[in-house]
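Okay, upload30.cif now, which holds mmCIF, C-alpha atoms (C1' of nucleotides):
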```
data_structure
#
loop_
_atom_site.group_PDB
_atom_site.id
_atom_site.type_symbol
_atom_site.label_atom_id
_atom_site.label_comp_id
_atom_site.auth_asym_id
_atom_site.auth_seq_id
_atom_site.Cartn_x
_atom_site.Cartn_y
_atom_site.Cartn_z
ATOM 1 C CA MET W 1 -70.297 32.430 -68.781
ATOM 2 C CA ALA W 2 -70.842 33.110 -65.266
ATOM 3 C CA ASP W 3 -74.235 34.375 -66.211
ATOM 4 C CA SER W 4 -75.488 32.764 -63.096
ATOM 5 C CA GLY W 5 -72.265 32.808 -61.174
ATOM 6 C CA PHE W 6 -70.171 30.195 -59.547
ATOM 7 C CA PHE W 7 -72.260 27.153 -60.344
ATOM 8 C CA ARG W 8 -72.300 27.772 -64.055
ATOM 9 C CA GLU W 9 -68.502 27.798 -64.079
ATOM 10 C CA VAL W 10 -68.268 24.702 -61.959
ATOM 11 C CA TRP W 11 -70.535 22.761 -64.282
ATOM 12 C CA ASP W 12 -68.637 24.149 -67.211
ATOM 13 C CA ILE W 13 -65.333 22.876 -65.889
ATOM 14 C CA VAL W 14 -66.721 19.500 -64.926
ATOM 15 C CA ALA W 15 -68.201 19.168 -68.369
ATOM 16 C CA ARG W 16 -64.765 19.835 -69.810
ATOM 17 C CA VAL W 17 -63.054 17.082 -67.835
ATOM 18 C CA PRO W 18 -61.868 14.511 -70.372
ATOM 19 C CA ALA W 19 -62.842 10.886 -69.954
ATOM 20 C CA GLY W 20 -60.297 8.856 -68.056
ATOM 21 C CA LYS W 21 -59.484 11.865 -65.899
ATOM 22 C CA VAL W 22 -60.744 13.006 -62.551
ATOM 23 C CA VAL W 23 -60.809 16.362 -60.852
ATOM 24 C CA SER W 24 -61.025 17.260 -57.196
ATOM 25 C CA TYR W 25 -63.472 19.731 -55.737
ATOM 26 C CA GLY W 26 -60.678 21.876 -54.425
ATOM 27 C CA GLN W 27 -59.096 21.974 -57.841
ATOM 28 C CA ILE W 28 -62.244 23.323 -59.402
ATOM 29 C CA ALA W 29 -62.703 25.808 -56.612
ATOM 30 C CA ALA W 30 -59.110 26.951 -56.976
ATOM 31 C CA ARG W 31 -59.691 27.342 -60.695
ATOM 32 C CA LEU W 32 -62.547 29.671 -59.954
ATOM 33 C CA GLY W 33 -60.347 31.664 -57.665
ATOM 34 C CA SER W 34 -61.630 30.302 -54.377
ATOM 35 C CA PRO W 35 -59.630 27.318 -53.153
ATOM 36 C CA ARG W 36 -61.723 27.336 -50.000
ATOM 37 C CA ALA W 37 -64.972 27.071 -51.894
ATOM 38 C CA ALA W 38 -64.574 23.352 -52.387
ATOM 39 C CA ARG W 39 -67.800 22.860 -50.480
ATOM 40 C CA THR W 40 -69.664 25.145 -52.774
ATOM 41 C CA VAL W 41 -68.312 23.154 -55.686
ATOM 42 C CA GLY W 42 -69.560 19.932 -54.172
ATOM 43 C CA TRP W 43 -72.836 21.578 -53.559
ATOM 44 C CA ALA W 44 -72.991 22.685 -57.168
ATOM 45 C CA MET W 45 -72.683 19.025 -58.066
ATOM 46 C CA ALA W 46 -75.317 18.027 -55.598
ATOM 47 C CA THR W 47 -77.736 20.517 -57.046
ATOM 48 C CA ALA W 48 -76.504 20.065 -60.596
ATOM 49 C CA PRO W 49 -79.478 19.308 -62.793
ATOM 50 C CA ARG W 50 -79.044 15.956 -64.535
ATOM 51 C CA ARG W 51 -80.198 17.507 -67.770
ATOM 52 C CA LEU W 52 -76.845 19.218 -67.958
ATOM 53 C CA GLY W 53 -75.291 15.804 -68.401
ATOM 54 C CA LEU W 54 -72.512 16.586 -65.989
ATOM 55 C CA PRO W 55 -70.027 13.746 -65.515
ATOM 56 C CA CYS W 56 -70.139 14.202 -61.784
ATOM 57 C CA HIS W 57 -68.635 10.764 -61.427
ATOM 58 C CA ARG W 58 -65.386 12.313 -62.610
ATOM 59 C CA VAL W 59 -65.328 14.576 -59.618
ATOM 60 C CA VAL W 60 -63.597 13.154 -56.574
ATOM 61 C CA THR W 61 -62.196 14.431 -53.309
ATOM 62 C CA SER W 62 -58.616 15.554 -52.877
ATOM 63 C CA SER W 63 -57.771 12.186 -51.384
ATOM 64 C CA GLY W 64 -58.861 10.573 -54.609
ATOM 65 C CA ARG W 65 -61.830 9.196 -52.767
ATOM 66 C CA LEU W 66 -65.143 8.878 -54.580
ATOM 67 C CA VAL W 67 -68.338 10.418 -53.392
ATOM 68 C CA PRO W 68 -69.626 8.646 -50.292
ATOM 69 C CA GLY W 69 -72.708 6.619 -50.977
ATOM 70 C CA TRP W 70 -71.948 6.276 -54.637
ATOM 71 C CA GLU W 71 -71.450 2.726 -55.859
ATOM 72 C CA THR W 72 -71.670 3.087 -59.603
ATOM 73 C CA GLN W 73 -69.291 6.011 -59.688
ATOM 74 C CA ARG W 74 -66.272 3.763 -59.540
ATOM 75 C CA ASP W 75 -67.647 1.572 -62.268
ATOM 76 C CA GLU W 76 -68.231 4.578 -64.478
ATOM 77 C CA LEU W 77 -64.662 5.745 -64.065
ATOM 78 C CA GLU W 78 -63.289 2.305 -64.719
ATOM 79 C CA ALA W 79 -65.280 2.234 -67.912
ATOM 80 C CA GLU W 80 -63.440 5.384 -68.938
ATOM 81 C CA GLY W 81 -60.081 3.844 -68.261
ATOM 82 C CA VAL W 82 -59.432 5.236 -64.819
ATOM 83 C CA THR W 83 -57.421 2.980 -62.559
ATOM 84 C CA PHE W 84 -58.079 2.541 -58.885
ATOM 85 C CA LYS W 85 -55.909 1.736 -55.923
ATOM 86 C CA SER W 86 -56.319 -1.265 -53.706
ATOM 87 C CA ASN W 87 -58.029 0.908 -51.144
ATOM 88 C CA GLY W 88 -60.671 1.859 -53.673
ATOM 89 C CA CYS W 89 -59.372 5.349 -54.318
ATOM 90 C CA VAL W 90 -58.737 6.802 -57.731
ATOM 91 C CA ASP W 91 -55.131 6.989 -58.804
ATOM 92 C CA MET W 92 -55.373 10.758 -59.015
ATOM 93 C CA ALA W 93 -51.612 10.978 -59.287
ATOM 94 C CA LYS W 94 -52.168 9.517 -62.716
ATOM 95 C CA HIS W 95 -55.640 10.620 -63.598
ATOM 96 C CA GLN W 96 -56.114 13.915 -61.850
ATOM 97 C CA TRP W 97 -57.030 16.328 -64.572
ATOM 98 C CA ASP W 98 -54.296 18.832 -65.219
ATOM 99 C CA GLY W 99 -56.931 21.476 -65.725
ATOM 100 C CA LYS W 100 -55.065 22.739 -68.734
ATOM 101 C CA ARG W 101 -52.104 23.348 -66.480
ATOM 102 C CA VAL W 102 -49.763 20.373 -66.679
ATOM 103 C CA GLY W 103 -47.445 19.963 -63.749
ATOM 104 C CA LYS W 104 -50.086 20.646 -61.182
ATOM 105 C CA ALA W 105 -50.840 16.978 -60.638
ATOM 106 C CA GLY W 106 -51.063 15.970 -57.043
ATOM 107 C CA ARG W 107 -52.331 19.063 -55.345
ATOM 108 C CA GLY W 108 -53.251 17.781 -51.960
ATOM 109 C CA PRO W 109 -52.298 15.293 -49.278
ATOM 110 C CA ALA W 110 -50.769 13.183 -52.008
ATOM 111 C CA ASN W 111 -48.198 15.882 -52.425
ATOM 112 C CA ARG W 112 -48.107 17.185 -48.884
ATOM 113 C CA LEU W 113 -49.148 20.638 -49.956
ATOM 114 C CA LYS W 114 -48.293 22.842 -47.030
ATOM 115 C CA ALA W 115 -49.359 26.126 -48.447
ATOM 116 C CA LYS W 116 -50.757 28.871 -46.272
ATOM 117 C CA ALA W 117 -50.157 27.739 -42.749
ATOM 118 C CA GLY W 118 -52.992 29.773 -41.278
ATOM 119 C CA ALA W 119 -55.555 28.105 -43.432
ATOM 120 C CA GLY W 120 -57.690 26.111 -41.066
ATOM 121 C CA MET W 121 -56.321 27.449 -37.862
ATOM 122 C CA ARG W 122 -59.138 26.713 -35.606
ATOM 123 C CA GLY W 123 -58.718 29.206 -32.883
ATOM 124 C CA SER W 124 -62.128 29.896 -31.738
ATOM 125 C "C1'" DA R 1 -82.415 40.477 -45.398
ATOM 126 C "C1'" DT R 2 -81.074 36.352 -42.375
ATOM 127 C "C1'" DA R 3 -80.217 31.513 -41.543
ATOM 128 C "C1'" DC R 4 -79.101 27.036 -43.011
ATOM 129 C "C1'" DT R 5 -77.366 23.806 -45.750
ATOM 130 C "C1'" DG R 6 -73.945 21.089 -48.540
ATOM 131 C "C1'" DA R 7 -71.064 15.265 -52.506
ATOM 132 C "C1'" DC R 8 -64.837 19.613 -49.207
ATOM 133 C "C1'" DT R 9 -60.211 20.629 -47.189
ATOM 134 C "C1'" DG R 10 -56.541 21.137 -44.169
ATOM 135 C "C1'" DT R 11 -54.837 20.844 -39.301
ATOM 136 C "C1'" DG R 12 -54.755 19.221 -34.865
ATOM 137 C "C1'" DC R 13 -54.463 15.480 -31.508
ATOM 138 C "C1'" DC Z 1 -53.097 6.175 -38.921
ATOM 139 C "C1'" DG Z 2 -57.913 7.676 -37.763
ATOM 140 C "C1'" DC Z 3 -61.250 10.909 -35.849
ATOM 141 C "C1'" DA Z 4 -62.798 15.675 -34.983
ATOM 142 C "C1'" DC Z 5 -63.132 20.676 -35.559
ATOM 143 C "C1'" DA Z 6 -63.402 24.852 -37.991
ATOM 144 C "C1'" DG Z 7 -63.497 27.832 -42.266
ATOM 145 C "C1'" DC Z 8 -65.242 28.883 -46.874
ATOM 146 C "C1'" DC Z 9 -68.777 30.221 -50.857
ATOM 147 C "C1'" DA Z 10 -73.097 30.512 -52.932
ATOM 148 C "C1'" DG Z 11 -78.006 29.423 -53.572
ATOM 149 C "C1'" DT Z 12 -82.521 28.204 -51.571
ATOM 150 C "C1'" DA Z 13 -86.077 28.534 -47.899
#
```

Write the structure described by the file as structure tokens, please.
Amino acid sequence: MADSGFFREVWDIVARVPAGKVVSYGQIAARLGSPRAARTVGWAMATAPRRLGLPCHRVVTSSGRLVPGWETQRDELEAEGVTFKSNGCVDMAKHQWDGKRVGKAGRGPANRLKAKAGAGMRGS
DNA sequence: ATACTGACTGTGC
DNA sequence: CGCACAGCCAGTA
């Protein structure tokens, strides 16, 4: 894989996400070795050719929020058995794809991940 | 080769 | 609790 690079891997991972599960952009990026490349991952989805049949509706943000401007996405996930919270967010704590690594569920605000403190230190 | 964009993320206030 | 700012990676123009 990786014949083309990052994108190919992103699509590959997304295509491997089982129904009823969701994965966050950051999780995919981290899987590729670049936890900060979440944007690139989202971009890969945005430019992902539909002919690939990518279940982009299974990709959500770290907050469990669905893609902004997407109305059918929630319906698609529900059809797969994904449950939602009252606020309209996916119950990622329950459906976030383990990514073949069980025990990693809840990597984000939901878990108060305080890794690397100098991550977004805006000190310009 | 350079610049810009893009469906994110984590902190800061 | 909500809004804003800055950093990151890769592909297209």

For this session: Given the file shown, enumerate the residues that the PyMOL selection byres ((chain W) within 7 of (chain R)) captures and present them as JSON, numbers by chain.
Result: {"W": [25, 38, 39, 42, 43, 45, 46, 67, 120, 121]}

Interface rows for chain Z against chain W: nearest pair, Å to one decimal, 6 Å, only C-alpha atoms (C1' of nucleotides), as a tab-separated table:
```
residue	atom	partner	partner_atom	distance
Z:DA6	C1'	W:Arg122	CA	5.2
Z:DC8	C1'	W:Arg36	CA	5.0
Z:DC9	C1'	W:Ala37	CA	5.0
```

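Candidate residues W:Ala93, W:Ala48, W:Ile13, W:Val59 were compared for distance to Leu32 of chain W, and the nearest is W:Ile13, using only C-alpha atoms.
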
For this session: Show which residues sit within 12 Å of Val23 of chain W, as an NGL selection string. Count all atoms listed in the file, and ignore same-chain residues fewer than 6 positions away.
Result: :W and (10 or 13-17 or 29-31 or 38 or 41-42 or 55-66 or 77 or 82 or 90-100 or 104-108)

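Here atom CA of Glu78 of chain W and atom CA of Arg50 of chain W stand 20.8 Å from one another.
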
Exercise. To one decimal place, how far is atom C1' of DC1 of chain Z from atom CA of Phe84 of chain W in Å?
Worked result: 20.9 Å

Exercise. In Å, with one decimal, what is the gap from atom CA of Gln73 of chain W to atom C1' of DA4 of chain Z?
Worked result: 27.3 Å

What box, with edges along x, y and z, holds each listed atom of segment 7-10 of chain Z when 6 Å is added on every side, and can you state its centre and edge lengths in Å to one decimal, as JSON?
```
{"center_x": -68.3, "center_y": 29.2, "center_z": -47.6, "size_x": 21.6, "size_y": 14.7, "size_z": 22.7}
```
